[in-house]
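Q: Quick one: structure below, then a few questions.
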Amino acid sequence: MPASSPQQITLLGATGSIGANTLDVVSRHPERYSVFALTAHREAARLAELCLRFSPRYAVMADVDAAKELRGLLQAGRCATTVLEGKQALCDVACAPETDVVMAAIVGAAGLEPTLAAVTAGKKVLLANKEALVMSGQLFMDAVQKSGCCLYPIDSEHNAVFQSLPWNFQRCPEAGGVRRILLTASGGPFRNTPPEKLETVTPEEACAHPVWSMGRKISVDSATMMNKGLEVIEAHWLFGVPPGQIEVVIHPQGIVHSMVDYIDGSVLAQLGNPDMRIPIANALAWPERIDSGVDALDLFDIAMLNFERPDFGRFPCLPLAYQALEVGGSTPAALNAANEEAVEAFLEGRLGFCRIADVIAATLERAGWEGAETLEAVLEVDARARGFAREEIRKRGAA
C-alpha cells in the first residue's frame with residue numbers, strides 16, 4: 001500500500017533519458033511520489049518545462065550561467081521553484097532532510113559526489129550512474145554499509161540481476177548458491193560490421209542503437225561495448241561477485257535483461273520489453289509492483305531469442321574493463337576518465353572510433369596503480385587520467 005504521504009524524490013539528471021522515464025513513472029502515481037528537486041547541467045529550457053509541470057521546491061543547475069537563464073524562465077512562467085547552482089547545491093538537495101528517494105541519473109564522473117552525498121545521508125538511492133561504482137567501488141559500498149542506505153540498481157541489466165537473486169542476498173555468492181552472473185548486451189550497432197569499416201564510423205552511426213533509446217555518450221559506450229565493461233565493474237561491487245564469475249552474453253533482441261546462474265543448474269532471468277521504465281518502477285516501489293506504463297511482453301511475437309559470445313577483438317574496450325577491475329585500486333577510475341575524454345573527442349570529430357580503445361589503453365599504462373580509499377584520492381586520479389587521455393587524443397588526431 002502507498003504511504004500516507006507521497007515520497008519526496010530528488011532527481012539528479014532530470015533532462016536525460018532516465019530523468020524523462022522516471023518522471024513518466026512518477027506522474028502515474030501522484031499518491032505515492034512527489035518531486036522535491038530536479039537538477040540538470042545546462043539545459044535550462046528543458047528544466048524550466050519540467051519545473052512548470054512538476055512544481056519542485058528546488059531546481060539546481062550545475063552551470064552558473066544556465067542557472068541565471070532558468071531563473072528568468074521560471075519568473076516569466078510564475079513558477080515558485082527556487083533555483084540553486086553549482087556542485088555543492090547538487091549535494092545539498094541529494095541529502096536534504098525532506099528527500100526520501102534520490103534518483104542518481106547524472107551521466108559520468110560528475111554524478112559521483114552528489115550520489116555519494118545521498119548514500120552517506122542514508123537515503124533510498126536509485127543508482128543509474130554506473131560511474132559512481134566504477135570510480136570508487138569500495139569507498140561507495142563502504143558508505144552504503146555504514147549509513148544503512150537502501151541501494152537499488154537502475155541499469156536494466158543490474159536490476160534484472162537484482163530481481164533474479166534471493167530476496168535476502170547479501171553480496172555473498174557462495175551463501176546464495178550463485179555460480180555466475182550473466183550480463184546481456186545487445187551488441188550495439190556494429191555487432192556484425194566488418195572490422196575494416198569501423199575505421200570510418202561516424203558519431204551518428206555510433207549513436208544509432210538498434211534496441212535502446214539513450215543519450216549520445218551512453219550510445220557510443222554501447223557501440224564500443226565499454227558500457228558493458230563498466231557494467232561488469234558495477235556488478236562486481238553491487239553483488240560481491242568476482243570478475244571471473246561475471247560473463248557478458250550478446251543477446252540482440254534485448255528481451256532477456258540479464259540472468260543468474262545457480263550451482264544447482266538453474267538459471268533465473270528477468271524478461272521484458274526494452275524500456276527503462278520497468279527497472280525504474282521496480283526500484284521505486286520494491287518490494288511492491290506498480291504500473292510502469294510499459295506494454296506486456298508478447299513472447300509469441302518475439303518467437304526467438306538468440307545468444308552469442310562477445311568478440312573481444314572487435315570490442316577491445318570490454319577486455320580493458322575486465323583488466324582494470326582485476327588490477328583494482330585507482331585503475332577503474334582511470335579507465336572511466338579516459339573513456340569519457342575519448343568518447344567526447346569522438347563525438348566532436350577529434351578522434352576516430354577505433355582510436356577510443358587505444359587512448360584508454362595508453363592512459364591506463366601511464367596512470368599506473370594507486371589506492372582509492374578516499375574521495376579526494378579518486379578525484380585526483382580522475383583529473384590526472386583525463387590529462388593523460390587528452391595528451392593521447394592529441395597524438396592520434398582524428399585519424
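For the C-alpha cells, the naming scheme is as follows: chains receive sequential letters (A, B, ...) according to their order of presentation, residues are indexed from 1 within each chain, and ligands are indexed from 1 in presentation order.
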Would you list the contacts of region 308-320 of chain A as a PyMOL selection string, taking every protein, DNA or RNA residue within 7 Å and counting only C-alpha atoms, but skipping same-chain residues closer than 4 positions in sequence?
A: chain A and resi 195+224-226+228-229+249-251+324+357
Q: To test your reading of the structure, identify every residue in region 192-337 of chain A that backbone DSSP assigns to helix (DSSP H, G or I), and report it as a VMD selection string.
A: chain A and resid 195 to 200 203 to 206 216 to 224 226 to 239 243 to 245 277 to 285 299 to 302 317 to 327 331 to 337
Q: Find the distance between CA of Lys68 (chain A) and CA of Arg42 (chain A) and write it in Å to one decimal.
A: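 So the two atoms, CA of Lys68 (chain A) and CA of Arg42 (chain A), lie 10.5 Å apart.
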Q: Suppose you want the space between CA of Gln8 (chain A) and CA of Ala66 (chain A); what is it in Å?
A: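 Separating CA of Gln8 (chain A) from CA of Ala66 (chain A) is a distance of 24.8 Å.
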Q: Select from region 107-307 of chain A everything DSSP, run on the backbone, classes as strand (DSSP E or B), then give the selection as an MDAnalysis selection string.
A: chainID A and resid 124:127 150:153 178:185 246:250 256:262 267:271
Q: I need the residue nearest Val93 (chain A) from this list: A:Asn282, A:Thr193, A:Thr81, A:Thr39. Use only C-alpha atoms for the distance.
A: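 Residue with the minimum atom-to-atom distance to Val93 (chain A): A:Thr39.
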Q: Please provide the set of residues having any atom within 8 Å of region 391-396 of chain A, restricted to only C-alpha atoms, with same-chain residues fewer than 5 positions apart removed, written as a list in words.
A: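 Everything that qualifies: Ala342, Ala345, Arg350, Leu351, Arg355, Val359, Ala362 and Thr363 of chain A.
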Q: Which residues are close to region 376-379 of chain A, i.e. within 7 Å by only C-alpha atoms, leaving aside same-chain residues fewer than 5 positions away? Reply as a PDB file with N, CA and C atoms, in the first residue's frame.
A:
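Listing of result_1.pdb after writing:
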```pdb
ATOM      1  N   MET A 135      34.262   4.221 -10.400  1.00  0.00           N
ATOM      2  CA  MET A 135      35.350   5.059  -9.908  1.00  0.00           C
ATOM      3  C   MET A 135      35.730   4.753  -8.463  1.00  0.00           C
ATOM      4  N   SER A 136      34.744   4.438  -7.645  1.00  0.00           N
ATOM      5  CA  SER A 136      35.003   4.363  -6.200  1.00  0.00           C
ATOM      6  C   SER A 136      34.251   3.212  -5.553  1.00  0.00           C
ATOM      7  N   SER A 330      42.986   2.342  -8.125  1.00  0.00           N
ATOM      8  CA  SER A 330      42.554   3.515  -8.886  1.00  0.00           C
ATOM      9  C   SER A 330      42.330   3.216 -10.362  1.00  0.00           C
ATOM     10  N   ALA A 333      38.948   3.938 -12.030  1.00  0.00           N
ATOM     11  CA  ALA A 333      38.697   5.386 -12.139  1.00  0.00           C
ATOM     12  C   ALA A 333      39.436   5.965 -13.337  1.00  0.00           C
TER      13      ALA A 333
END
```
Q: Looking at only C-alpha atoms, which of A:Glu113, A:Asp298, A:Glu344, A:Asp63 is the one that sits closest to Leu271 (chain A)?
A: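 With only C-alpha atoms as the atom set, the closest residue is A:Asp298.
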Q: Which residues, written as a VMD selection string, have at least one atom at most 6 Å from region 10-20 of chain A, with only C-alpha atoms counted and residues fewer than 2 positions away on the same chain left out?
A: chain A and resid 22 to 23 36 to 40 102 to 106
Q: So which one's closest to Gly111 (chain A), A:Ala44, A:Ala96, A:Val381, A:Cys91? Using only C-alpha atoms, please.
A: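 Looking only at the distances to Gly111 (chain A), the closest residue turns out to be A:Cys91.
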Q: Which residues, written as an NGL selection string, have at least one atom at most 6 Å from region 234-248 of chain A, with only C-alpha atoms counted and residues fewer than 4 positions away on the same chain left out?
A: :A and (133-134 or 137 or 171-172 or 180-184)
Q: I'd like to know which of A:Thr374, A:Phe388, A:Glu288, A:Gln170 is closest to Ala334 (chain A), using only C-alpha atoms.
A: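 The answer is A:Phe388, which sits nearest to Ala334 (chain A).
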Q: Would you kindly return, as JSON, numbers by chain, each protein, DNA or RNA residue with an atom no farther than 8 Å from any atom of Val101 (chain A), considering only C-alpha atoms and excluding same-chain residues fewer than 4 positions away?
A: {"A": [7, 8, 9, 10, 123, 124, 125, 126]}
Q: Pick the closest to Val343 (chain A) from A:Ala76, A:Ala285, A:Val220, A:Ala385: which is it, counting only C-alpha atoms?
A: A:Val220
Q: How many Å lie between CA of Leu112 (chain A) and CA of Ile154 (chain A), rounded to one decimal?
A: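 Computing the Euclidean distance for CA of Leu112 (chain A) and CA of Ile154 (chain A) yields 15.5 Å.
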Q: Name the closest residue to Lys146 (chain A) among the candidates A:Asn339, A:Asn306, A:Ser258, A:Thr120; distances are taken between atoms, counting only C-alpha atoms.
A: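 With only C-alpha atoms as the atom set, the closest residue is A:Thr120.
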